[in-house]
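**Q** Have a look at this one.
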Amino acid sequence: MAVDLPYAADAEFSLSFDELEVLRLQYEKELAQGHATTQTKFNYSWGLVKSPAKEHQVEGVRLLQDIYRSEPQRRRECLYYLALGHYKMGNFEDARKFNSLLLEKEPSNLQAQSLETLIDRAVARDGYIGMALVGGAAAVGTLLLASLVRRSRK
């Protein structure tokens, strides 16, 4: 994926444990002092969203949503990482919603364009998996029904 969509590299690469730990410690230090700056909160949420751990992604999205609601001037910055976080968690409709908002504001944003492609591929893949599951269930149902019909004729 990173080769054919280089602008969506954030979807694949996470920070090291040590890098994320630096961001976490800074965030917690500021919280202990009574207030974390928006930049520190954003940096930590960015690192969490990039993490492969779902619980980190959930927390990162929560922090980004807080920034999005409380800091109107930072909304555009948050949109991509909100979309990315939802994408990584498998919430493709929410990912599409946030990414579309960003593309409305910045139609030439290469990261958002690449993420849109990733979202579309994931939705298509899920659709194929869903069709396969339905097809498999229908085949099993047909076999069971045929078996019951044969038994009832004996």
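To be explicit about the labels: the chains of the structure tokens are called A, B, and onward in the order shown, and within each one the residues are counted from 1, while ligands get numbers from 1 in the order they are shown.
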Please report, as CSV, each residue of range 73-107 of chain A lying at most 12 Å from range 13-37 of chain A, together with the nearest pair of atoms and the separation in Å rounded to one decimal; use only C-alpha atoms, and order rows by chain and ascending residue number.

**A**
```
residue,atom,partner,partner_atom,distance
A:Leu84,CA,A:Phe13,CA,11.9
A:Gly85,CA,A:Ser14,CA,12.0
A:Lys88,CA,A:Phe13,CA,11.4
```

**Q** Please provide as a VMD selection string all residues within 9 Å of Leu101 in chain A, with the sequence filter that same-chain residues fewer than 4 positions apart are discarded (counting only C-alpha atoms).

**A** chain A and resid 76 79 96 to 97 105 to 106

**Q** Identify, on the basis of only C-alpha atoms, every residue whose closest approach to Leu102 in chain A does not exceed 10 Å; exclude the query and any residue fewer than 2 positions from it along the same chain; express the result as a list in words.

**A**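 Those residues are Arg75, Arg76, Glu77, Cys78, Leu79, Tyr80, Ala83, Arg96, Lys97, Phe98, Asn99, Ser100, Glu104, Lys105, Glu106, Pro107, Ser108, Asn109, Ala112 and Gln113 of chain A.
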
**Q** By how many Å are CA of Gln73 in chain A and CA of Ala53 in chain A apart?

**A**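 Between these atoms lies a distance of 29.0 Å.
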
**Q** Would you mind listing what lies within 12 Å of Glu55 in chain A as a ChimeraX atom specification, with only C-alpha atoms counted and same-chain residues fewer than 5 positions away left out?

**A** /A:45,48-50,60-62,85,88-89

**Q** One decimal, in Å: what's the spacing between CA of Leu118 in chain A and CA of Gly90 in chain A?

**A**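 CA of Leu118 in chain A sits 11.3 Å away from CA of Gly90 in chain A.
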